[in-house]
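Engineer: So here's protein-v9.json (JSON, C-alpha atoms).
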```json
[["chain", "number", "residue", "atom", "x", "y", "z"],
["A", 1, "MET", "CA", -8.10, 12.99, -14.70],
["A", 2, "THR", "CA", -5.47, 10.83, -13.00],
["A", 3, "ALA", "CA", -3.56, 12.45, -10.14],
["A", 4, "VAL", "CA", 0.19, 12.60, -10.52],
["A", 5, "ALA", "CA", 2.57, 12.30, -7.59],
["A", 6, "PRO", "CA", 4.61, 15.43, -6.90],
["A", 7, "PRO", "CA", 8.31, 15.21, -7.83],
["A", 8, "SER", "CA", 10.54, 14.09, -4.97],
["A", 9, "ALA", "CA", 13.96, 12.66, -4.27],
["A", 10, "ASN", "CA", 12.22, 9.72, -2.59],
["A", 11, "PRO", "CA", 12.48, 6.77, -5.04],
["A", 12, "LEU", "CA", 9.31, 5.19, -3.59],
["A", 13, "GLU", "CA", 7.33, 8.44, -3.46],
["A", 14, "GLN", "CA", 5.13, 7.36, -6.36],
["A", 15, "VAL", "CA", 4.35, 4.08, -4.58],
["A", 16, "LEU", "CA", 3.46, 5.83, -1.31],
["A", 17, "PHE", "CA", 1.40, 8.43, -3.16],
["A", 18, "GLU", "CA", -0.63, 5.69, -4.87],
["A", 19, "VAL", "CA", -1.22, 3.84, -1.57],
["A", 20, "LYS", "CA", -2.33, 7.05, 0.19],
["A", 21, "ARG", "CA", -5.15, 7.41, -2.32],
["A", 22, "THR", "CA", -6.70, 4.50, -0.38],
["A", 23, "ILE", "CA", -5.09, 4.68, 3.08],
["A", 24, "VAL", "CA", -5.56, 7.69, 5.36],
["A", 25, "GLY", "CA", -3.31, 8.60, 8.29],
["A", 26, "GLN", "CA", -0.95, 5.62, 8.32],
["A", 27, "ASP", "CA", 2.18, 7.42, 7.08],
["A", 28, "LEU", "CA", 4.46, 5.88, 9.71],
["A", 29, "LEU", "CA", 3.26, 2.33, 9.02],
["A", 30, "LEU", "CA", 3.64, 2.75, 5.24],
["A", 31, "GLU", "CA", 7.16, 4.18, 5.62],
["A", 32, "ARG", "CA", 8.18, 1.32, 7.92],
["A", 33, "MET", "CA", 6.80, -1.19, 5.41],
["A", 34, "ALA", "CA", 8.99, 0.42, 2.74],
["A", 35, "VAL", "CA", 12.01, 0.25, 5.06],
["A", 36, "GLY", "CA", 11.28, -3.42, 5.72],
["A", 37, "LEU", "CA", 11.09, -4.23, 2.01],
["A", 38, "LEU", "CA", 14.30, -2.35, 1.22],
["A", 39, "SER", "CA", 16.27, -3.86, 4.09],
["A", 40, "GLY", "CA", 14.88, -7.41, 4.03],
["A", 41, "GLY", "CA", 13.14, -7.17, 7.42],
["A", 42, "HIS", "CA", 9.67, -8.07, 8.71],
["A", 43, "LEU", "CA", 7.14, -6.11, 10.74],
["A", 44, "LEU", "CA", 5.09, -6.87, 13.83],
["A", 45, "VAL", "CA", 2.14, -4.48, 13.97],
["A", 46, "GLU", "CA", 0.09, -3.88, 17.11],
["A", 47, "GLY", "CA", -3.18, -2.01, 17.05],
["A", 48, "VAL", "CA", -6.86, -2.34, 17.84],
["A", 49, "PRO", "CA", -9.19, -3.73, 15.13],
["A", 50, "GLY", "CA", -10.44, -1.47, 12.37],
["A", 51, "LEU", "CA", -7.30, 0.62, 11.74],
["A", 52, "ALA", "CA", -6.85, -0.56, 8.12],
["A", 53, "LYS", "CA", -3.78, -2.72, 8.79],
["A", 54, "THR", "CA", -4.94, -5.35, 6.29],
["A", 55, "LEU", "CA", -5.90, -2.76, 3.69],
["A", 56, "ALA", "CA", -2.50, -1.06, 4.04],
["A", 57, "VAL", "CA", -0.59, -4.26, 3.20],
["A", 58, "LYS", "CA", -2.97, -5.20, 0.39],
["A", 59, "SER", "CA", -2.73, -1.73, -1.18],
["A", 60, "PHE", "CA", 1.07, -1.70, -0.86],
["A", 61, "ALA", "CA", 1.29, -5.10, -2.56],
["A", 62, "ALA", "CA", -0.90, -3.85, -5.42],
["A", 63, "THR", "CA", 1.34, -0.83, -6.07],
["A", 64, "ILE", "CA", 4.49, -2.93, -6.43],
["A", 65, "GLY", "CA", 2.74, -5.47, -8.63],
["A", 66, "GLY", "CA", 3.46, -8.19, -6.10],
["A", 67, "GLN", "CA", 1.43, -11.10, -4.82],
["A", 68, "PHE", "CA", -0.50, -10.70, -1.57],
["A", 69, "GLN", "CA", -1.77, -13.38, 0.79],
["A", 70, "ARG", "CA", -3.62, -13.09, 4.09],
["A", 71, "ILE", "CA", -3.69, -15.82, 6.72],
["A", 72, "GLN", "CA", -6.14, -15.55, 9.60],
["A", 73, "PHE", "CA", -4.40, -17.25, 12.53],
["A", 74, "THR", "CA", -6.68, -19.45, 14.67],
["A", 75, "PRO", "CA", -6.05, -21.99, 17.47],
["A", 76, "ASP", "CA", -6.71, -24.94, 15.12],
["A", 77, "LEU", "CA", -4.24, -23.82, 12.42],
["A", 78, "LEU", "CA", -1.50, -26.31, 11.47],
["A", 79, "PRO", "CA", 2.00, -25.64, 10.10],
["A", 80, "ALA", "CA", 1.01, -27.34, 6.82],
["A", 81, "ASP", "CA", -1.72, -24.72, 6.38],
["A", 82, "LEU", "CA", 1.08, -22.14, 6.09],
["A", 83, "VAL", "CA", 3.99, -23.78, 4.31],
["A", 84, "GLY", "CA", 2.21, -26.52, 2.35],
["A", 85, "THR", "CA", 2.29, -30.30, 2.32],
["A", 86, "ARG", "CA", 2.54, -33.37, 0.10],
["A", 87, "VAL", "CA", -0.80, -34.53, -1.33],
["A", 88, "TYR", "CA", -1.49, -38.04, -2.65],
["A", 89, "ARG", "CA", -3.12, -38.10, -6.08],
["A", 90, "ALA", "CA", -5.10, -41.33, -6.45],
["A", 91, "HIS", "CA", -5.41, -41.09, -10.24],
["A", 92, "THR", "CA", -1.63, -41.00, -10.68],
["A", 93, "GLY", "CA", -0.62, -42.99, -7.60],
["A", 94, "GLU", "CA", 1.99, -40.33, -6.74],
["A", 95, "PHE", "CA", 2.51, -37.59, -4.17],
["A", 96, "GLU", "CA", 2.51, -33.96, -5.31],
["A", 97, "THR", "CA", 3.73, -30.95, -3.37],
["A", 98, "SER", "CA", 1.09, -28.32, -2.65],
["A", 99, "LEU", "CA", 2.73, -25.03, -1.62],
["A", 100, "GLY", "CA", 1.13, -22.92, 1.11],
["A", 101, "PRO", "CA", 0.21, -19.22, 1.21],
["A", 102, "VAL", "CA", 3.65, -18.17, 2.52],
["A", 103, "PHE", "CA", 4.89, -18.29, -1.08],
["A", 104, "THR", "CA", 4.04, -14.69, -1.86],
["A", 105, "ASN", "CA", 5.63, -11.23, -1.86],
["A", 106, "LEU", "CA", 3.64, -9.64, 0.97],
["A", 107, "LEU", "CA", 2.11, -11.89, 3.61],
["A", 108, "LEU", "CA", -0.29, -10.65, 6.27],
["A", 109, "ALA", "CA", -0.31, -12.93, 9.32],
["A", 110, "ASP", "CA", -3.45, -11.63, 10.98],
["A", 111, "GLU", "CA", -3.56, -12.00, 14.78],
["A", 112, "ILE", "CA", -0.46, -14.17, 14.94],
["A", 113, "ASN", "CA", -0.85, -14.58, 18.70],
["A", 114, "ARG", "CA", -4.03, -16.66, 18.22],
["A", 115, "ALA", "CA", -2.15, -19.64, 16.76],
["A", 116, "PRO", "CA", -0.23, -22.21, 18.86],
["A", 117, "ALA", "CA", 3.55, -22.16, 19.19],
["A", 118, "LYS", "CA", 4.25, -24.75, 16.47],
["A", 119, "VAL", "CA", 2.46, -22.63, 13.86],
["A", 120, "GLN", "CA", 4.21, -19.46, 15.00],
["A", 121, "SER", "CA", 7.56, -21.28, 14.79],
["A", 122, "ALA", "CA", 6.83, -22.47, 11.25],
["A", 123, "LEU", "CA", 6.19, -18.89, 10.11],
["A", 124, "LEU", "CA", 9.20, -17.49, 11.94],
["A", 125, "GLU", "CA", 11.42, -20.15, 10.36],
["A", 126, "VAL", "CA", 10.30, -19.07, 6.87],
["A", 127, "MET", "CA", 10.97, -15.45, 7.81],
["A", 128, "GLN", "CA", 14.51, -16.27, 8.88],
["A", 129, "GLU", "CA", 15.51, -18.86, 6.28],
["A", 130, "ARG", "CA", 13.30, -17.64, 3.38],
["A", 131, "GLN", "CA", 12.78, -21.23, 2.35],
["A", 132, "VAL", "CA", 10.59, -24.21, 3.22],
["A", 133, "THR", "CA", 11.46, -27.91, 3.22],
["A", 134, "ILE", "CA", 8.56, -30.24, 2.40],
["A", 135, "GLY", "CA", 9.49, -33.89, 2.34],
["A", 136, "ARG", "CA", 12.96, -33.93, 0.81],
["A", 137, "GLU", "CA", 12.50, -30.87, -1.38],
["A", 138, "THR", "CA", 13.42, -27.29, -0.50],
["A", 139, "PHE", "CA", 11.43, -24.39, -1.94],
["A", 140, "HIS", "CA", 12.48, -20.73, -1.79],
["A", 141, "VAL", "CA", 9.94, -17.97, -1.20],
["A", 142, "PRO", "CA", 9.70, -15.19, -3.83],
["A", 143, "ASP", "CA", 11.88, -12.11, -3.70],
["A", 144, "PRO", "CA", 11.01, -9.57, -2.34],
["A", 145, "PHE", "CA", 9.35, -11.17, 0.69],
["A", 146, "LEU", "CA", 7.80, -9.25, 3.58],
["A", 147, "VAL", "CA", 5.78, -10.63, 6.48],
["A", 148, "MET", "CA", 3.56, -8.24, 8.40],
["A", 149, "ALA", "CA", 2.13, -9.92, 11.49],
["A", 150, "THR", "CA", -0.58, -8.23, 13.54],
["A", 151, "GLN", "CA", -1.61, -8.76, 17.12],
["A", 152, "ASN", "CA", -4.50, -7.35, 19.09],
["A", 153, "PRO", "CA", -3.41, -5.63, 22.35],
["A", 154, "ILE", "CA", -6.87, -5.58, 23.97],
["A", 155, "GLU", "CA", -7.53, -9.32, 24.21],
["A", 156, "SER", "CA", -5.64, -12.04, 26.03],
["A", 157, "GLU", "CA", -8.22, -14.85, 26.16],
["A", 158, "GLY", "CA", -7.45, -17.64, 23.70],
["A", 159, "THR", "CA", -4.10, -16.17, 22.66],
["A", 160, "TYR", "CA", -0.57, -17.51, 22.67],
["A", 161, "PRO", "CA", 1.92, -14.66, 23.21],
["A", 162, "LEU", "CA", 5.01, -14.81, 21.03],
["A", 163, "PRO", "CA", 8.08, -15.94, 23.01],
["A", 164, "GLU", "CA", 10.64, -13.18, 23.55],
["A", 165, "ALA", "CA", 13.33, -15.26, 21.84],
["A", 166, "GLN", "CA", 11.19, -15.54, 18.68],
["A", 167, "VAL", "CA", 9.71, -12.06, 18.51],
["A", 168, "ASP", "CA", 13.31, -10.88, 18.11],
["A", 169, "ARG", "CA", 13.14, -12.12, 14.50],
["A", 170, "PHE", "CA", 10.91, -9.20, 13.57],
["A", 171, "MET", "CA", 12.95, -6.22, 12.45],
["A", 172, "MET", "CA", 10.44, -3.70, 13.81],
["A", 173, "LYS", "CA", 7.34, -3.52, 15.97],
["A", 174, "VAL", "CA", 5.06, -0.70, 14.83],
["A", 175, "VAL", "CA", 2.25, 0.53, 17.07],
["A", 176, "VAL", "CA", -0.74, 1.84, 15.09],
["A", 177, "HIS", "CA", -2.84, 4.48, 16.81],
["A", 178, "TYR", "CA", -6.34, 5.85, 16.23],
["A", 179, "PRO", "CA", -6.71, 8.42, 13.45],
["A", 180, "THR", "CA", -7.15, 12.11, 14.26],
["A", 181, "PRO", "CA", -10.66, 13.60, 13.83],
["A", 182, "PRO", "CA", -9.81, 15.19, 10.43],
["A", 183, "GLU", "CA", -8.32, 11.89, 9.25],
["A", 184, "GLU", "CA", -11.37, 9.97, 10.43],
["A", 185, "HIS", "CA", -13.61, 12.45, 8.57],
["A", 186, "THR", "CA", -11.65, 11.71, 5.38],
["A", 187, "ILE", "CA", -11.95, 7.97, 6.03],
["A", 188, "VAL", "CA", -15.74, 8.25, 6.21],
["A", 189, "ASP", "CA", -15.83, 10.35, 3.03],
["A", 190, "ARG", "CA", -13.81, 7.71, 1.19],
["A", 191, "ALA", "CA", -16.13, 4.99, 2.51],
["A", 192, "LEU", "CA", -19.07, 6.87, 0.96],
["A", 193, "ARG", "CA", -17.21, 7.41, -2.33],
["A", 194, "PRO", "CA", -14.60, 4.65, -2.61],
["A", 195, "PRO", "CA", -11.57, 5.66, -4.71],
["A", 196, "ALA", "CA", -10.29, 3.56, -7.58],
["A", 197, "PRO", "CA", -8.15, 0.61, -6.45],
["A", 198, "PRO", "CA", -4.39, 1.32, -6.37],
["A", 199, "GLN", "CA", -2.48, 0.56, -9.54],
["A", 200, "ALA", "CA", 0.93, -1.04, -9.90],
["A", 201, "VAL", "CA", 3.56, 1.68, -10.43],
["A", 202, "ILE", "CA", 6.69, -0.48, -10.08],
["A", 203, "THR", "CA", 7.46, -4.19, -10.28],
["A", 204, "PRO", "CA", 9.03, -6.59, -7.74],
["A", 205, "GLU", "CA", 12.11, -6.57, -9.97],
["A", 206, "ASP", "CA", 12.34, -2.77, -9.60],
["A", 207, "LEU", "CA", 12.24, -3.22, -5.83],
["A", 208, "VAL", "CA", 15.08, -5.77, -5.96],
["A", 209, "ARG", "CA", 17.16, -3.27, -7.96],
["A", 210, "MET", "CA", 16.37, -0.58, -5.36],
["A", 211, "ARG", "CA", 17.70, -2.88, -2.64],
["A", 212, "GLU", "CA", 20.97, -3.10, -4.56],
["A", 213, "ARG", "CA", 21.14, 0.70, -4.52],
["A", 214, "VAL", "CA", 20.34, 0.74, -0.80],
["A", 215, "ALA", "CA", 23.38, -1.47, -0.22],
["A", 216, "GLN", "CA", 25.51, 1.36, -1.67],
["A", 217, "VAL", "CA", 24.29, 3.96, 0.86],
["A", 218, "TYR", "CA", 27.24, 5.09, 2.97],
["A", 219, "VAL", "CA", 27.12, 4.45, 6.72],
["A", 220, "ASP", "CA", 29.78, 6.30, 8.72],
["A", 221, "PRO", "CA", 31.57, 4.25, 11.42],
["A", 222, "ALA", "CA", 30.36, 6.83, 13.96],
["A", 223, "ILE", "CA", 26.76, 5.80, 13.20],
["A", 224, "VAL", "CA", 27.58, 2.13, 13.70],
["A", 225, "ASN", "CA", 29.21, 3.03, 17.01],
["A", 226, "TYR", "CA", 26.10, 5.04, 17.96],
["A", 227, "ALA", "CA", 23.91, 1.98, 17.29],
["A", 228, "VAL", "CA", 26.20, -0.22, 19.41],
["A", 229, "ARG", "CA", 26.10, 2.26, 22.31],
["A", 230, "LEU", "CA", 22.29, 2.57, 22.15],
["A", 231, "VAL", "CA", 21.72, -1.19, 22.21],
["A", 232, "ALA", "CA", 24.31, -1.70, 24.98],
["A", 233, "ALA", "CA", 22.52, 0.96, 27.06],
["A", 234, "THR", "CA", 19.27, -1.04, 26.89],
["A", 235, "ARG", "CA", 21.08, -3.95, 28.57],
["A", 236, "ALA", "CA", 22.64, -1.83, 31.33],
["A", 237, "PRO", "CA", 20.90, 1.59, 31.61],
["A", 238, "GLY", "CA", 23.10, 2.40, 34.59],
["A", 239, "SER", "CA", 26.13, 2.57, 32.29],
["A", 240, "VAL", "CA", 24.71, 5.78, 30.76],
["A", 241, "GLY", "CA", 23.58, 7.31, 34.05],
["A", 242, "GLN", "CA", 20.06, 5.77, 34.11],
["A", 243, "THR", "CA", 20.59, 3.70, 37.27],
["A", 244, "ARG", "CA", 16.92, 3.98, 38.22],
["A", 245, "LEU", "CA", 16.03, 1.85, 35.18],
["A", 246, "ASP", "CA", 18.31, -1.07, 36.04],
["A", 247, "ARG", "CA", 15.67, -2.76, 38.21],
["A", 248, "TYR", "CA", 13.11, -2.49, 35.42],
["A", 249, "VAL", "CA", 15.16, -4.20, 32.67],
["A", 250, "THR", "CA", 15.57, -7.99, 32.84],
["A", 251, "TYR", "CA", 17.06, -8.41, 29.36],
["A", 252, "GLY", "CA", 18.10, -5.77, 26.86],
["A", 253, "ALA", "CA", 18.13, -5.88, 23.08],
["A", 254, "SER", "CA", 20.20, -8.46, 21.20],
["A", 255, "PRO", "CA", 22.82, -7.83, 18.48],
["A", 256, "ARG", "CA", 19.99, -8.31, 15.97],
["A", 257, "ALA", "CA", 18.76, -4.91, 17.13],
["A", 258, "THR", "CA", 22.11, -3.30, 16.30],
["A", 259, "ILE", "CA", 22.04, -4.79, 12.81],
["A", 260, "ALA", "CA", 18.40, -3.74, 12.30],
["A", 261, "LEU", "CA", 19.13, -0.17, 13.39],
["A", 262, "VAL", "CA", 21.99, 0.23, 10.91],
["A", 263, "LEU", "CA", 20.26, -1.51, 7.99],
["A", 264, "GLY", "CA", 17.04, 0.37, 8.69],
["A", 265, "ALA", "CA", 18.85, 3.72, 8.86],
["A", 266, "ARG", "CA", 20.45, 2.99, 5.51],
["A", 267, "ALA", "CA", 17.06, 2.18, 3.93],
["A", 268, "LEU", "CA", 15.47, 5.27, 5.49],
["A", 269, "ALA", "CA", 18.25, 7.45, 4.10],
["A", 270, "PHE", "CA", 17.57, 5.99, 0.66],
["A", 271, "LEU", "CA", 13.86, 6.77, 1.04],
["A", 272, "ARG", "CA", 14.77, 10.36, 1.90],
["A", 273, "GLY", "CA", 16.80, 10.60, -1.31],
["A", 274, "ARG", "CA", 20.26, 10.58, 0.31],
["A", 275, "GLU", "CA", 23.35, 8.50, -0.47],
["A", 276, "TYR", "CA", 24.49, 8.59, 3.16],
["A", 277, "ALA", "CA", 22.85, 7.77, 6.51],
["A", 278, "LEU", "CA", 22.59, 10.24, 9.38],
["A", 279, "PRO", "CA", 22.27, 9.65, 13.14],
["A", 280, "HIS", "CA", 18.74, 11.07, 12.90],
["A", 281, "ASP", "CA", 17.75, 8.17, 10.60],
["A", 282, "LEU", "CA", 18.84, 5.69, 13.23],
["A", 283, "ARG", "CA", 17.18, 7.66, 16.01],
["A", 284, "GLU", "CA", 13.85, 7.74, 14.14],
["A", 285, "LEU", "CA", 13.76, 3.93, 14.00],
["A", 286, "ALA", "CA", 14.94, 3.33, 17.57],
["A", 287, "PHE", "CA", 11.50, 2.87, 19.14],
["A", 288, "ASP", "CA", 10.25, 0.51, 16.40],
["A", 289, "VAL", "CA", 13.43, -1.58, 16.41],
["A", 290, "LEU", "CA", 13.92, -1.82, 20.18],
["A", 291, "ARG", "CA", 10.50, -1.89, 21.86],
["A", 292, "HIS", "CA", 9.83, -5.61, 21.33],
["A", 293, "ARG", "CA", 13.36, -6.67, 22.21],
["A", 294, "ILE", "CA", 13.45, -5.34, 25.78],
["A", 295, "VAL", "CA", 12.18, -7.72, 28.48],
["A", 296, "LEU", "CA", 10.96, -5.84, 31.53],
["A", 297, "SER", "CA", 10.73, -7.02, 35.14],
["A", 298, "TYR", "CA", 7.61, -7.34, 37.28],
["A", 299, "GLU", "CA", 8.62, -4.11, 39.00],
["A", 300, "ALA", "CA", 8.27, -2.29, 35.69],
["A", 301, "LEU", "CA", 4.77, -3.70, 35.30],
["A", 302, "ALA", "CA", 3.87, -2.57, 38.81],
["A", 303, "ASP", "CA", 5.28, 0.93, 38.28],
["A", 304, "ASP", "CA", 3.64, 1.32, 34.83],
["A", 305, "VAL", "CA", 6.98, 1.46, 32.99],
["A", 306, "ASP", "CA", 6.82, 0.26, 29.38],
["A", 307, "PRO", "CA", 9.65, -0.33, 26.87],
["A", 308, "ASP", "CA", 9.05, 3.02, 25.17],
["A", 309, "LYS", "CA", 9.82, 4.85, 28.43],
["A", 310, "VAL", "CA", 13.08, 2.94, 28.76],
["A", 311, "ILE", "CA", 14.02, 3.67, 25.13],
["A", 312, "GLY", "CA", 13.18, 7.36, 25.53],
["A", 313, "SER", "CA", 15.44, 7.62, 28.57],
["A", 314, "VAL", "CA", 18.27, 5.79, 26.78],
["A", 315, "LEU", "CA", 17.98, 8.04, 23.71],
["A", 316, "ALA", "CA", 18.17, 11.10, 25.94],
["A", 317, "ALA", "CA", 21.23, 9.75, 27.77],
["A", 318, "VAL", "CA", 23.30, 8.56, 24.79],
["A", 319, "PRO", "CA", 24.63, 11.57, 22.85],
["A", 320, "MET", "CA", 24.30, 11.57, 19.07],
["A", 321, "PRO", "CA", 27.60, 11.67, 17.17],
["A", 322, "GLU", "CA", 28.60, 14.60, 15.03],
["A", 323, "VAL", "CA", 29.01, 13.04, 11.61],
["A", 324, "PRO", "CA", 30.76, 15.44, 9.15],
["A", 325, "LEU", "CA", 29.14, 15.57, 5.71],
["A", 326, "ARG", "CA", 32.16, 14.76, 3.59],
["A", 327, "ASP", "CA", 32.77, 12.87, 0.39],
["A", 328, "ARG", "CA", 32.66, 9.12, 0.63]]
```
Could the structure of this file be written out as structure tokens, please?

Structural biologist:
Amino acid sequence: MTAVAPPSANPLEQVLFEVKRTIVGQDLLLERMAVGLLSGGHLLVEGVPGLAKTLAVKSFAATIGGQFQRIQFTPDLLPADLVGTRVYRAHTGEFETSLGPVFTNLLLADEINRAPAKVQSALLEVMQERQVTIGRETFHVPDPFLVMATQNPIESEGTYPLPEAQVDRFMMKVVVHYPTPPEEHTIVDRALRPPAPPQAVITPEDLVRMRERVAQVYVDPAIVNYAVRLVAATRAPGSVGQTRLDRYVTYGASPRATIALVLGARALAFLRGREYALPHDLRELAFDVLRHRIVLSYEALADDVDPDKVIGSVLAAVPMPEVPLRDR
């Protein structure tokens, strides 16, 4: 008998329920993937090998009926291996355009920090422009389009770290942790008795229509002001009474972070079944949106201060606004 998702105000609940038949213990990652799809952003995922990052993206793509491609980044990868190239056909005497694997709905860029800078730049350009120019022709990637890039935090040999100016193009950086013992027990049980593969419950066109509804979610000006104050505090922690952090922060978050916080809060409110965003929505996304946009000093490295500690202090120092629940 086929399991049926419980009723919920969450429009993507059925999708998440179907994915969780395969994935165990990655609720945060799955929710952030949904936020990325609904708000047009991309994800950078950091975690040790074996935490089902690839399976999560593949399962999510299957449930929305979208195309999925995986690219294993290596030091010898070329930009043409991603975006495509023009191929000469001897039997016709003409060049034909061969499109690369970036022309898909969900793209997994596995271990993006193992490829050289020119390959990273080619992918980041597609993420930003959502199009590729090959020769004199321009090709648009499908809609919806989500890139989930992974990087391994435990190895540095043979890697090319993403430049700070380019990593800013990712809407969120999600850190995936080890499963709890009960979750790991369930993972082993499912490995012994694999469940049926996830089935498509919506279509990419349904997702595009959901994004149109997300655009109608009301965002109070006080929430926008809250996002501006949070991002400004990452640039000058002393302005909110966190003077001790000033020597640890070299550069704070850019205006892209402010935009990502507001758009992400709007998408998260939609996922929670609301027609209005709350400060709590924005606060929930703060770590994922800000952690990869803060450049720390060498003093922070010496004192074991990471971006999450800075963000936690800023969140504690900047008061949340009281947004009255009134009609639009």

Engineer: Find, counting only C-alpha atoms, the residue in A:Glu31, A:Glu183, A:Glu111, A:Glu205 that gets nearest to Gly47 in chain A.

Structural biologist: A:Glu111

Engineer: Kindly provide the residues of range 12-90 of chain A that approach range 283-294 of chain A to within 10 Å, each paired with its closest atom pair and their distance in Å to one decimal, based on all atoms listed in the file, listed by chain and increasing number, as a Markdown table.

Structural biologist:
```
| residue | atom | partner | partner_atom | distance |
| --- | --- | --- | --- | --- |
| A:Arg32 | CA | A:Leu285 | CA | 8.7 |
| A:Val35 | CA | A:Leu285 | CA | 9.8 |
| A:Leu43 | CA | A:Asp288 | CA | 9.2 |
| A:Leu44 | CA | A:His292 | CA | 9.0 |
| A:Val45 | CA | A:Asp288 | CA | 9.8 |
```

Engineer: Would you kindly return, as number ranges by chain, each protein, DNA or RNA residue with an atom no farther than 7 Å from any atom of range 312-316 of chain A, considering all atoms listed in the file and excluding same-chain residues fewer than 4 positions away?

Structural biologist: A: 230, 233-234, 237, 308

Engineer: Using all atoms listed in the file, I'd like a table of the residues in range 179-256 of chain A that come within 7 Å of range 51-64 of chain A; for each, show the closest atom pair and its distance in Å rounded to one decimal, ordered by chain and ascending number, as CSV.

Structural biologist:
```
residue,atom,partner,partner_atom,distance
A:Pro198,CA,A:Thr63,CA,6.1
A:Gln199,CA,A:Thr63,CA,5.3
A:Ala200,CA,A:Thr63,CA,3.9
A:Val201,CA,A:Thr63,CA,5.5
A:Ile202,CA,A:Ile64,CA,4.9
A:Thr203,CA,A:Ile64,CA,5.0
A:Pro204,CA,A:Ile64,CA,6.0
```

Engineer: Could you check which of A:Asp168, A:Glu299, A:Glu137, A:Glu275 is closest to Tyr218 in chain A, using only C-alpha atoms?

Structural biologist: A:Glu275

Engineer: Which of these residues is nearest to Ala265 in chain A, using only C-alpha atoms: A:Tyr251, A:Phe17, A:Tyr226, A:Tyr298?

Structural biologist: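 That would be A:Tyr226, the residue with the smallest distance to Ala265 in chain A.
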
Engineer: In Å to one decimal, how far is CA of Gln166 in chain A from CA of Asp246 in chain A?

Structural biologist: 23.7 Å

Engineer: For Leu263 in chain A, list every protein, DNA or RNA residue within 10 Å, evaluated using all atoms listed in the file, and leave out those in the same chain fewer than 3 positions away; present the list as a list in words.

Structural biologist: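 The residues that qualify are Val35, Gly36, Leu38, Ser39, Gly40, Gly41, Met171, Val214, Ala215, Val217, Val219, Val224, Ala257, Thr258, Ile259, Ala260, Arg266, Ala267, Leu268, Ala269, Ala277 and Leu282 of chain A.
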
Engineer: Between A:Arg89, A:Arg213, A:Arg229, A:Arg21, which has the minimum distance to Ala317 in chain A (counting only C-alpha atoms)?

Structural biologist: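 Distance minimum relative to Ala317 in chain A lands on A:Arg229.
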
Engineer: Between CA of Met172 in chain A and CA of Val318 in chain A, what is the spacing in Å?

Structural biologist: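 Taking CA of Val318 in chain A and CA of Met172 in chain A, their separation equals 20.9 Å.
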
Engineer: Tell me, in Å to one decimal, how far CA of Asp189 in chain A is from CA of Glu18 in chain A.

Structural biologist: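 Between CA of Asp189 in chain A and CA of Glu18 in chain A the gap is 17.8 Å.
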
Engineer: Hey, what's within 12 Å of Thr133 in chain A if we count only C-alpha atoms and toss same-chain stuff fewer than 4 positions away? As a PDB file with C-alpha atoms, keeping the file's coordinate frame, please?

Structural biologist:
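around19.pdb, freshly written:
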```
ATOM      1  CA  PRO A  79       2.000 -25.640  10.100  1.00  0.00           C
ATOM      2  CA  ALA A  80       1.010 -27.340   6.820  1.00  0.00           C
ATOM      3  CA  VAL A  83       3.990 -23.780   4.310  1.00  0.00           C
ATOM      4  CA  GLY A  84       2.210 -26.520   2.350  1.00  0.00           C
ATOM      5  CA  THR A  85       2.290 -30.300   2.320  1.00  0.00           C
ATOM      6  CA  ARG A  86       2.540 -33.370   0.100  1.00  0.00           C
ATOM      7  CA  THR A  97       3.730 -30.950  -3.370  1.00  0.00           C
ATOM      8  CA  SER A  98       1.090 -28.320  -2.650  1.00  0.00           C
ATOM      9  CA  LEU A  99       2.730 -25.030  -1.620  1.00  0.00           C
ATOM     10  CA  GLY A 100       1.130 -22.920   1.110  1.00  0.00           C
ATOM     11  CA  ALA A 122       6.830 -22.470  11.250  1.00  0.00           C
ATOM     12  CA  GLU A 125      11.420 -20.150  10.360  1.00  0.00           C
ATOM     13  CA  VAL A 126      10.300 -19.070   6.870  1.00  0.00           C
ATOM     14  CA  GLU A 129      15.510 -18.860   6.280  1.00  0.00           C
ATOM     15  CA  GLU A 137      12.500 -30.870  -1.380  1.00  0.00           C
ATOM     16  CA  THR A 138      13.420 -27.290  -0.500  1.00  0.00           C
ATOM     17  CA  PHE A 139      11.430 -24.390  -1.940  1.00  0.00           C
ATOM     18  CA  HIS A 140      12.480 -20.730  -1.790  1.00  0.00           C
ATOM     19  CA  VAL A 141       9.940 -17.970  -1.200  1.00  0.00           C
TER      20      VAL A 141
END
```

Engineer: Do a neighbour search on Leu106 in chain A at 7 Å with all atoms listed in the file, toss out local chain neighbours closer than 6 positions, and write the hits as JSON, numbers by chain.

Structural biologist: {"A": [61, 67, 68, 69, 145, 146, 147]}

Engineer: Point out the residue among A:Glu322, A:Asp206, A:Glu164, A:Asp281 with the least atom-to-atom distance to Pro221 in chain A, counting all atoms listed in the file.

Structural biologist: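 Once distances to Pro221 in chain A are computed over all atoms listed in the file, the minimum belongs to A:Glu322.
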
Engineer: Determine the axis-aligned bounding box of all atoms of range 81-84 of chain A present in the file, pad each side by 6 Å, and express its centre and edge lengths in Å to one decimal place as lines of an AutoDock Vina configuration file.

Structural biologist:
```
center_x = 1.1
center_y = -24.3
center_z = 4.4
size_x = 17.7
size_y = 16.4
size_z = 16.0
```
